[in-house]
Amino acid sequence: MLRLLGILVTVLCAIAAAVLTFPGFFRVERIYPIAQIVSFRGVLALAFAAVALLALLLAIVRPLRPLAFSIALVAGVATVANVAVLSARGGLGTDPLPAKTESSVRVMTWNTAGPATPPETIAKIAVAMDADIVALPETTIETGESVALAMRDLGHRMWAHHASDPSTEWDAGSTTLLISPDLGDYAVIESSLDGTSNTSTVPSAVAMPVSGDGPIVVAVHAVAPRPSYMQSWRDDLQWLADQCGDGNVIMAGDFNATVDHMTGLGLDGATLGHCTDAAVETGNGALGTWSADMPAVLGTPIDHVMATPQWRASGSLVLRSLDESGSDHRPLIVQYEPAG
């Protein structure tokens with residue numbers, strides 16, 4: 001009887017480990033609470049390693065030895081599998097961005113946590129990164145204009161755009177987008193401004209080129225997958241996938257989702273719609289952009305920069321030197337080159 005119980009426990013543990021390691025295969029990646037657990041693959045790998053070690057220690061007790069060895073094997077395999085997934089998505093992110101060329105476009109996204117991050121700090125980083133597009137979720141247009149003015153004073157002109165939702169409290173109800181005049185003139189589309197077509201709870205801004213041949217730019221902010229917002233979160237991810245059609249699109253912002261959560265939402269091998277995640281493409285997709293209170297290797301990569309096949313990511317960088325800046329997110333910068 002005890003042997004049968006041990007087999008049952010081992011099988012159940014193996015199923016649980018498989019579901020958490022490969023949620024997309026079981027189509028549960030956007031279901032509570034699995035969505036929350038798989039957000040932190042680094043922590044998950046450590047948890048499986050701890051279970052394996054604890055099981056090996058319990059194997060000292062002779063009656064528990066068969067079950068303990070079985071659990072240790074399951075947890076050990078799960079640890080290796082999760083580390084392998086993380087390794088496939090990126091390393092430690094220590095490589096600098098490649099030298100910028102005349103045709104390069106640099107995109108920066110940073111959820112500034114409202115007034116927690118001074119405009120001068122945002123401006124200095126954007127100028128230092130030579131950013132052409134800056135997506136700033138949780139940033140009011142007043143702050144965005146202050147950033148643009150500070151960047152102008154540093155010799156780097158930008159135009160400020162935004163979308164807002166007055167029904168959403170605090171600065172999370174506003175998303176600001178800065179675009180270099182070198183890309184042409186832009187305007188945020190009306191459906192993005194009035195909310196008839198937008199993310200559900202916190203706004204995103206869809207900016208269309210009025211002149212020039214620049215890409216459509218989407219500054220993203222999806223609602224967080226809290227238990228009461230799960231359907232809204234799923235709807236937001238689908239809406240974002242729909243924005244990334246077969247045109248010329250660059251998306252950047254706080255998706256509140258990892259690439260695991262986007263399983264099945266990409267087309268023709270892309271990550272989301274026709275867009276491919278630049279950090280994964282350039283080997284930095286495993287570094288956590290949230291929370292800045294955690295080491296990047298254990299955090300969750302929920303801030304992304306993505307683009308359609310018209311662009312090729314040549315480098316990316318998760319800035320970890322600003323963890324004390326005030327925001328709970330880290331800036332992500334990506335350099336794109338025209339693919340054609």
# chains A, B, ... in the order shown; residues from 1 in each chain; ligands from 1

$ closest_atom_pairs --of "stretch 17-136 of chain A" --to "stretch 253-266 of chain A" --cutoff "7 Å" --atoms "only C-alpha atoms" --output "CSV"
residue,atom,partner,partner_atom,distance
A:Gly24,CA,A:Thr263,CA,5.7
A:Glu29,CA,A:His261,CA,5.2
A:Arg30,CA,A:His261,CA,5.8
A:Ala35,CA,A:His261,CA,6.9
A:Ser39,CA,A:Thr258,CA,6.3
A:Thr109,CA,A:Gly253,CA,5.3
A:Trp110,CA,A:Gly253,CA,6.9
A:Asn111,CA,A:Asp254,CA,6.5
A:Ala135,CA,A:Gly253,CA,5.8
A:Leu136,CA,A:Gly253,CA,6.9

$ write_last_selection --atoms "C-alpha atoms" --output "CSV table (one decimal), in the first residue's frame"
chain,number,residue,atom,x,y,z
A,24,GLY,CA,2.7,26.2,-23.0
A,29,GLU,CA,0.4,29.5,-19.3
A,30,ARG,CA,-2.4,32.1,-18.9
A,35,ALA,CA,0.7,32.2,-14.8
A,39,SER,CA,6.8,34.3,-14.3
A,109,THR,CA,11.3,51.2,-22.4
A,110,TRP,CA,11.1,52.0,-18.7
A,111,ASN,CA,8.1,51.8,-16.4
A,135,ALA,CA,8.2,54.2,-24.1
A,136,LEU,CA,7.3,55.3,-20.5

$ residues_around --residues "A:Ser232" --least-positions-apart "6" --cutoff "9 Å" --atoms "only C-alpha atoms" --output "JSON, numbers by chain"
{"A": [199, 200, 201, 222, 223, 224, 225]}

$ closest_residue --among "A:Thr271, A:Ser180, A:Thr308, A:Thr117" --to "A:Glu324" --atoms "only C-alpha atoms"
A:Thr117

$ residues_around --residues "A:Ser325" --least-positions-apart "2" --cutoff "12 Å" --atoms "only C-alpha atoms" --output "list in words"
Trp110, Asn111, Thr112, Ala113, Pro115, Ala116, Thr117, Pro118, Pro119, Glu120, Thr121, Ile122, Ile125, Ala292, Asp293, Leu319, Arg320, Ser321, Leu322, Asp323, Ser327, Asp328, His329, Arg330 and Pro331 of chain A

$ residues_around --residues "A:Ile37" --least-positions-apart "2" --cutoff "12 Å" --atoms "only C-alpha atoms" --output "mmCIF file with N, CA, C and O atoms, in the first residue's frame"
data_model
loop_
_atom_site.group_PDB
_atom_site.id
_atom_site.type_symbol
_atom_site.label_atom_id
_atom_site.label_comp_id
_atom_site.auth_asym_id
_atom_site.auth_seq_id
_atom_site.Cartn_x
_atom_site.Cartn_y
_atom_site.Cartn_z
ATOM 1 N N ALA A 16 3.128 17.860 -11.939
ATOM 2 C CA ALA A 16 3.198 19.253 -11.507
ATOM 3 C C ALA A 16 4.471 19.925 -12.020
ATOM 4 O O ALA A 16 4.448 21.066 -12.503
ATOM 5 N N ALA A 17 5.594 19.201 -11.948
ATOM 6 C CA ALA A 17 6.857 19.754 -12.426
ATOM 7 C C ALA A 17 6.814 20.004 -13.931
ATOM 8 O O ALA A 17 7.309 21.027 -14.423
ATOM 9 N N VAL A 19 4.123 20.584 -15.778
ATOM 10 C CA VAL A 19 3.209 21.696 -16.064
ATOM 11 C C VAL A 19 3.884 23.034 -15.805
ATOM 12 O O VAL A 19 3.768 23.981 -16.600
ATOM 13 N N LEU A 20 4.624 23.132 -14.702
ATOM 14 C CA LEU A 20 5.284 24.390 -14.362
ATOM 15 C C LEU A 20 6.487 24.670 -15.255
ATOM 16 O O LEU A 20 6.844 25.828 -15.488
ATOM 17 N N THR A 21 7.122 23.632 -15.756
ATOM 18 C CA THR A 21 8.297 23.821 -16.599
ATOM 19 C C THR A 21 7.919 24.097 -18.045
ATOM 20 O O THR A 21 8.549 24.917 -18.725
ATOM 21 N N PHE A 22 6.874 23.430 -18.532
ATOM 22 C CA PHE A 22 6.435 23.599 -19.922
ATOM 23 C C PHE A 22 4.946 23.953 -19.967
ATOM 24 O O PHE A 22 4.132 23.199 -20.501
ATOM 25 N N PRO A 23 4.561 25.101 -19.398
ATOM 26 C CA PRO A 23 3.132 25.436 -19.326
ATOM 27 C C PRO A 23 2.487 25.598 -20.696
ATOM 28 O O PRO A 23 1.302 25.296 -20.862
ATOM 29 N N VAL A 28 -1.675 26.049 -20.295
ATOM 30 C CA VAL A 28 -2.116 26.599 -19.008
ATOM 31 C C VAL A 28 -1.304 27.840 -18.632
ATOM 32 O O VAL A 28 -1.365 28.299 -17.492
ATOM 33 N N GLU A 29 -0.564 28.389 -19.591
ATOM 34 C CA GLU A 29 0.360 29.485 -19.289
ATOM 35 C C GLU A 29 -0.330 30.794 -18.909
ATOM 36 O O GLU A 29 0.282 31.688 -18.327
ATOM 37 N N ARG A 30 -1.618 30.907 -19.229
ATOM 38 C CA ARG A 30 -2.353 32.130 -18.886
ATOM 39 C C ARG A 30 -3.484 31.847 -17.897
ATOM 40 O O ARG A 30 -4.487 32.561 -17.851
ATOM 41 N N ILE A 31 -3.327 30.792 -17.094
ATOM 42 C CA ILE A 31 -4.331 30.405 -16.101
ATOM 43 C C ILE A 31 -3.772 30.612 -14.696
ATOM 44 O O ILE A 31 -2.628 30.249 -14.407
ATOM 45 N N TYR A 32 -4.568 31.211 -13.819
ATOM 46 C CA TYR A 32 -4.172 31.412 -12.426
ATOM 47 C C TYR A 32 -4.188 30.076 -11.689
ATOM 48 O O TYR A 32 -5.085 29.268 -11.906
ATOM 49 N N PRO A 33 -3.196 29.782 -10.810
ATOM 50 C CA PRO A 33 -2.035 30.584 -10.428
ATOM 51 C C PRO A 33 -0.774 30.221 -11.194
ATOM 52 O O PRO A 33 0.312 30.687 -10.852
ATOM 53 N N ILE A 34 -0.911 29.364 -12.209
ATOM 54 C CA ILE A 34 0.274 28.916 -12.948
ATOM 55 C C ILE A 34 0.962 30.090 -13.624
ATOM 56 O O ILE A 34 2.202 30.175 -13.653
ATOM 57 N N ALA A 35 0.166 31.027 -14.150
ATOM 58 C CA ALA A 35 0.744 32.196 -14.813
ATOM 59 C C ALA A 35 1.664 32.962 -13.873
ATOM 60 O O ALA A 35 2.731 33.448 -14.281
ATOM 61 N N SER A 39 6.155 32.990 -13.980
ATOM 62 C CA SER A 39 6.773 34.279 -14.259
ATOM 63 C C SER A 39 8.223 34.326 -13.787
ATOM 64 O O SER A 39 9.050 35.035 -14.359
ATOM 65 N N PHE A 40 8.508 33.576 -12.728
ATOM 66 C CA PHE A 40 9.838 33.626 -12.113
ATOM 67 C C PHE A 40 10.552 32.291 -12.331
ATOM 68 O O PHE A 40 10.649 31.464 -11.420
ATOM 69 N N ARG A 41 11.074 32.082 -13.524
ATOM 70 C CA ARG A 41 11.733 30.805 -13.814
ATOM 71 C C ARG A 41 13.005 30.611 -13.000
ATOM 72 O O ARG A 41 13.331 29.484 -12.618
ATOM 73 N N GLY A 42 13.724 31.689 -12.754
ATOM 74 C CA GLY A 42 14.933 31.567 -11.946
ATOM 75 C C GLY A 42 14.625 31.081 -10.542
ATOM 76 O O GLY A 42 15.297 30.185 -10.009
ATOM 77 N N VAL A 43 13.602 31.673 -9.944
ATOM 78 C CA VAL A 43 13.172 31.256 -8.606
ATOM 79 C C VAL A 43 12.632 29.831 -8.650
ATOM 80 O O VAL A 43 12.888 29.026 -7.738
ATOM 81 N N LEU A 44 11.910 29.505 -9.719
ATOM 82 C CA LEU A 44 11.359 28.161 -9.868
ATOM 83 C C LEU A 44 12.473 27.125 -9.950
ATOM 84 O O LEU A 44 12.389 26.052 -9.329
ATOM 85 N N ALA A 45 13.528 27.435 -10.687
ATOM 86 C CA ALA A 45 14.663 26.512 -10.786
ATOM 87 C C ALA A 45 15.307 26.307 -9.420
ATOM 88 O O ALA A 45 15.661 25.171 -9.048
ATOM 89 N N ALA A 47 13.812 26.626 -6.545
ATOM 90 C CA ALA A 47 12.867 25.865 -5.717
ATOM 91 C C ALA A 47 12.965 24.376 -6.015
ATOM 92 O O ALA A 47 12.966 23.548 -5.088
ATOM 93 N N PRO A 225 -1.468 40.589 -14.061
ATOM 94 C CA PRO A 225 -2.354 39.420 -13.916
ATOM 95 C C PRO A 225 -2.709 39.116 -12.469
ATOM 96 O O PRO A 225 -2.419 38.033 -11.952
ATOM 97 N N ALA A 257 3.925 40.418 -18.725
ATOM 98 C CA ALA A 257 3.898 39.019 -19.172
ATOM 99 C C ALA A 257 5.284 38.651 -19.668
ATOM 100 O O ALA A 257 5.994 39.483 -20.249
ATOM 101 N N THR A 258 5.660 37.412 -19.439
ATOM 102 C CA THR A 258 6.898 36.891 -20.010
ATOM 103 C C THR A 258 6.572 36.223 -21.347
ATOM 104 O O THR A 258 5.401 36.075 -21.715
ATOM 105 N N ASP A 260 6.733 33.220 -21.927
ATOM 106 C CA ASP A 260 5.963 32.004 -21.643
ATOM 107 C C ASP A 260 4.469 32.272 -21.765
ATOM 108 O O ASP A 260 3.717 31.452 -22.305
ATOM 109 N N HIS A 261 4.033 33.418 -21.263
ATOM 110 C CA HIS A 261 2.616 33.760 -21.289
ATOM 111 C C HIS A 261 2.103 34.041 -22.705
ATOM 112 O O HIS A 261 0.891 34.046 -22.938
ATOM 113 N N GLY A 299 14.678 37.740 -11.314
ATOM 114 C CA GLY A 299 13.490 38.533 -11.580
ATOM 115 C C GLY A 299 12.717 38.022 -12.782
ATOM 116 O O GLY A 299 13.060 37.000 -13.390
ATOM 117 N N THR A 300 11.660 38.750 -13.126
ATOM 118 C CA THR A 300 10.816 38.330 -14.245
ATOM 119 C C THR A 300 10.921 39.321 -15.401
ATOM 120 O O THR A 300 10.784 40.531 -15.201
#

$ residues_around --residues "A:Gly288" --least-positions-apart "3" --cutoff "8 Å" --atoms "only C-alpha atoms" --output "ChimeraX atom specification"
/A:291,295-302

$ write_last_selection --atoms "C-alpha atoms" --output "JSON list (two decimals), in the first residue's frame"
[["chain", "number", "residue", "atom", "x", "y", "z"],
["A", 291, "SER", "CA", 11.38, 43.73, -9.63],
["A", 295, "PRO", "CA", 18.77, 40.10, -8.72],
["A", 296, "ALA", "CA", 18.15, 40.25, -12.47],
["A", 297, "VAL", "CA", 18.77, 36.50, -12.87],
["A", 298, "LEU", "CA", 15.88, 35.80, -10.47],
["A", 299, "GLY", "CA", 13.49, 38.53, -11.58],
["A", 300, "THR", "CA", 10.82, 38.33, -14.24],
["A", 301, "PRO", "CA", 11.29, 39.72, -17.78],
["A", 302, "ILE", "CA", 7.93, 41.44, -18.25]]

$ atom_distance --atom1 "atom CA of A:Ala163" --atom2 "atom CA of A:Pro203"
6.1 Å

$ closest_residue --among "A:Arg89, A:Arg27, A:His156, A:His221" --to "A:Ala279" --atoms "only C-alpha atoms"
A:Arg89

$ closest_residue --among "A:Ala339, A:Met230, A:Leu67, A:Cys244" --to "A:Leu267" --atoms "only C-alpha atoms"
A:Cys244

$ residues_around --residues "A:Ala59" --least-positions-apart "4" --cutoff "7 Å" --atoms "only C-alpha atoms" --output "ChimeraX atom specification"
/A:55,64-65,68-69

$ atom_distance --atom1 "atom CA of A:Ala307" --atom2 "atom CA of A:Ile250"
4.4 Å

$ select_by_dssp --residues "stretch 82-128 of chain A" --states "alpha helix (DSSP H)" --output "list of chain:residue names"
A:Asn82, A:Val83, A:Ala84, A:Val85, A:Leu86, A:Ser87, A:Ala88, A:Arg89, A:Pro119, A:Glu120, A:Thr121, A:Ile122, A:Ala123, A:Lys124, A:Ile125, A:Ala126, A:Val127, A:Ala128

$ write_last_selection --atoms "N, CA, C and O atoms" --output "PDB file, in the first residue's frame"
ATOM      1  N   ASN A  82      14.508  23.769 -16.391  1.00  0.00           N
ATOM      2  CA  ASN A  82      14.278  25.205 -16.253  1.00  0.00           C
ATOM      3  C   ASN A  82      15.553  26.005 -16.513  1.00  0.00           C
ATOM      4  O   ASN A  82      15.501  27.074 -17.130  1.00  0.00           O
ATOM      5  N   VAL A  83      16.680  25.507 -16.047  1.00  0.00           N
ATOM      6  CA  VAL A  83      17.954  26.175 -16.329  1.00  0.00           C
ATOM      7  C   VAL A  83      18.232  26.167 -17.831  1.00  0.00           C
ATOM      8  O   VAL A  83      18.716  27.161 -18.395  1.00  0.00           O
ATOM      9  N   ALA A  84      17.887  25.077 -18.492  1.00  0.00           N
ATOM     10  CA  ALA A  84      18.092  24.990 -19.941  1.00  0.00           C
ATOM     11  C   ALA A  84      17.230  26.012 -20.680  1.00  0.00           C
ATOM     12  O   ALA A  84      17.689  26.657 -21.633  1.00  0.00           O
ATOM     13  N   VAL A  85      15.971  26.175 -20.243  1.00  0.00           N
ATOM     14  CA  VAL A  85      15.088  27.167 -20.863  1.00  0.00           C
ATOM     15  C   VAL A  85      15.660  28.575 -20.675  1.00  0.00           C
ATOM     16  O   VAL A  85      15.715  29.381 -21.622  1.00  0.00           O
ATOM     17  N   LEU A  86      16.108  28.872 -19.459  1.00  0.00           N
ATOM     18  CA  LEU A  86      16.689  30.186 -19.187  1.00  0.00           C
ATOM     19  C   LEU A  86      17.949  30.412 -20.013  1.00  0.00           C
ATOM     20  O   LEU A  86      18.151  31.501 -20.567  1.00  0.00           O
ATOM     21  N   SER A  87      18.778  29.384 -20.108  1.00  0.00           N
ATOM     22  CA  SER A  87      20.023  29.514 -20.871  1.00  0.00           C
ATOM     23  C   SER A  87      19.752  29.744 -22.354  1.00  0.00           C
ATOM     24  O   SER A  87      20.471  30.493 -23.024  1.00  0.00           O
ATOM     25  N   ALA A  88      18.700  29.118 -22.872  1.00  0.00           N
ATOM     26  CA  ALA A  88      18.358  29.297 -24.281  1.00  0.00           C
ATOM     27  C   ALA A  88      17.889  30.717 -24.569  1.00  0.00           C
ATOM     28  O   ALA A  88      18.023  31.215 -25.691  1.00  0.00           O
ATOM     29  N   ARG A  89      17.333  31.381 -23.552  1.00  0.00           N
ATOM     30  CA  ARG A  89      16.813  32.744 -23.747  1.00  0.00           C
ATOM     31  C   ARG A  89      17.851  33.816 -23.494  1.00  0.00           C
ATOM     32  O   ARG A  89      17.680  34.954 -23.918  1.00  0.00           O
ATOM     33  N   PRO A 119      12.311  63.127 -13.770  1.00  0.00           N
ATOM     34  CA  PRO A 119      12.433  63.311 -15.223  1.00  0.00           C
ATOM     35  C   PRO A 119      13.881  63.486 -15.679  1.00  0.00           C
ATOM     36  O   PRO A 119      14.251  63.020 -16.754  1.00  0.00           O
ATOM     37  N   GLU A 120      14.683  64.145 -14.854  1.00  0.00           N
ATOM     38  CA  GLU A 120      16.083  64.364 -15.224  1.00  0.00           C
ATOM     39  C   GLU A 120      16.839  63.047 -15.347  1.00  0.00           C
ATOM     40  O   GLU A 120      17.696  62.887 -16.219  1.00  0.00           O
ATOM     41  N   THR A 121      16.503  62.094 -14.470  1.00  0.00           N
ATOM     42  CA  THR A 121      17.153  60.781 -14.535  1.00  0.00           C
ATOM     43  C   THR A 121      16.756  60.055 -15.818  1.00  0.00           C
ATOM     44  O   THR A 121      17.615  59.476 -16.506  1.00  0.00           O
ATOM     45  N   ILE A 122      15.461  60.091 -16.142  1.00  0.00           N
ATOM     46  CA  ILE A 122      14.989  59.447 -17.374  1.00  0.00           C
ATOM     47  C   ILE A 122      15.679  60.059 -18.581  1.00  0.00           C
ATOM     48  O   ILE A 122      16.151  59.348 -19.474  1.00  0.00           O
ATOM     49  N   ALA A 123      15.750  61.397 -18.603  1.00  0.00           N
ATOM     50  CA  ALA A 123      16.356  62.094 -19.738  1.00  0.00           C
ATOM     51  C   ALA A 123      17.828  61.741 -19.894  1.00  0.00           C
ATOM     52  O   ALA A 123      18.300  61.481 -21.011  1.00  0.00           O
ATOM     53  N   LYS A 124      18.563  61.728 -18.800  1.00  0.00           N
ATOM     54  CA  LYS A 124      19.998  61.431 -18.873  1.00  0.00           C
ATOM     55  C   LYS A 124      20.248  60.027 -19.411  1.00  0.00           C
ATOM     56  O   LYS A 124      21.150  59.810 -20.229  1.00  0.00           O
ATOM     57  N   ILE A 125      19.446  59.075 -18.969  1.00  0.00           N
ATOM     58  CA  ILE A 125      19.627  57.701 -19.445  1.00  0.00           C
ATOM     59  C   ILE A 125      19.242  57.594 -20.915  1.00  0.00           C
ATOM     60  O   ILE A 125      19.948  56.965 -21.716  1.00  0.00           O
ATOM     61  N   ALA A 126      18.126  58.220 -21.305  1.00  0.00           N
ATOM     62  CA  ALA A 126      17.695  58.158 -22.702  1.00  0.00           C
ATOM     63  C   ALA A 126      18.727  58.780 -23.628  1.00  0.00           C
ATOM     64  O   ALA A 126      18.994  58.266 -24.724  1.00  0.00           O
ATOM     65  N   VAL A 127      19.329  59.896 -23.195  1.00  0.00           N
ATOM     66  CA  VAL A 127      20.366  60.543 -24.012  1.00  0.00           C
ATOM     67  C   VAL A 127      21.633  59.696 -24.036  1.00  0.00           C
ATOM     68  O   VAL A 127      22.264  59.527 -25.084  1.00  0.00           O
ATOM     69  N   ALA A 128      22.015  59.164 -22.880  1.00  0.00           N
ATOM     70  CA  ALA A 128      23.211  58.317 -22.825  1.00  0.00           C
ATOM     71  C   ALA A 128      23.068  57.094 -23.720  1.00  0.00           C
ATOM     72  O   ALA A 128      24.046  56.639 -24.329  1.00  0.00           O
TER      73      ALA A 128
END

$ atom_distance --atom1 "atom CA of A:Gly273" --atom2 "atom CA of A:Asp242"
6.1 Å

$ residues_around --residues "A:Arg312" --least-positions-apart "5" --cutoff "8 Å" --atoms "only C-alpha atoms" --output "number ranges by chain"
A: 336-339

$ closest_residue --among "A:Ala50, A:Leu154, A:Ala313, A:Val305" --to "A:Thr289" --atoms "only C-alpha atoms"
A:Val305

$ closest_residue --among "A:Ala52, A:Asp303, A:Glu138, A:Val74" --to "A:Val11" --atoms "only C-alpha atoms"
A:Val74
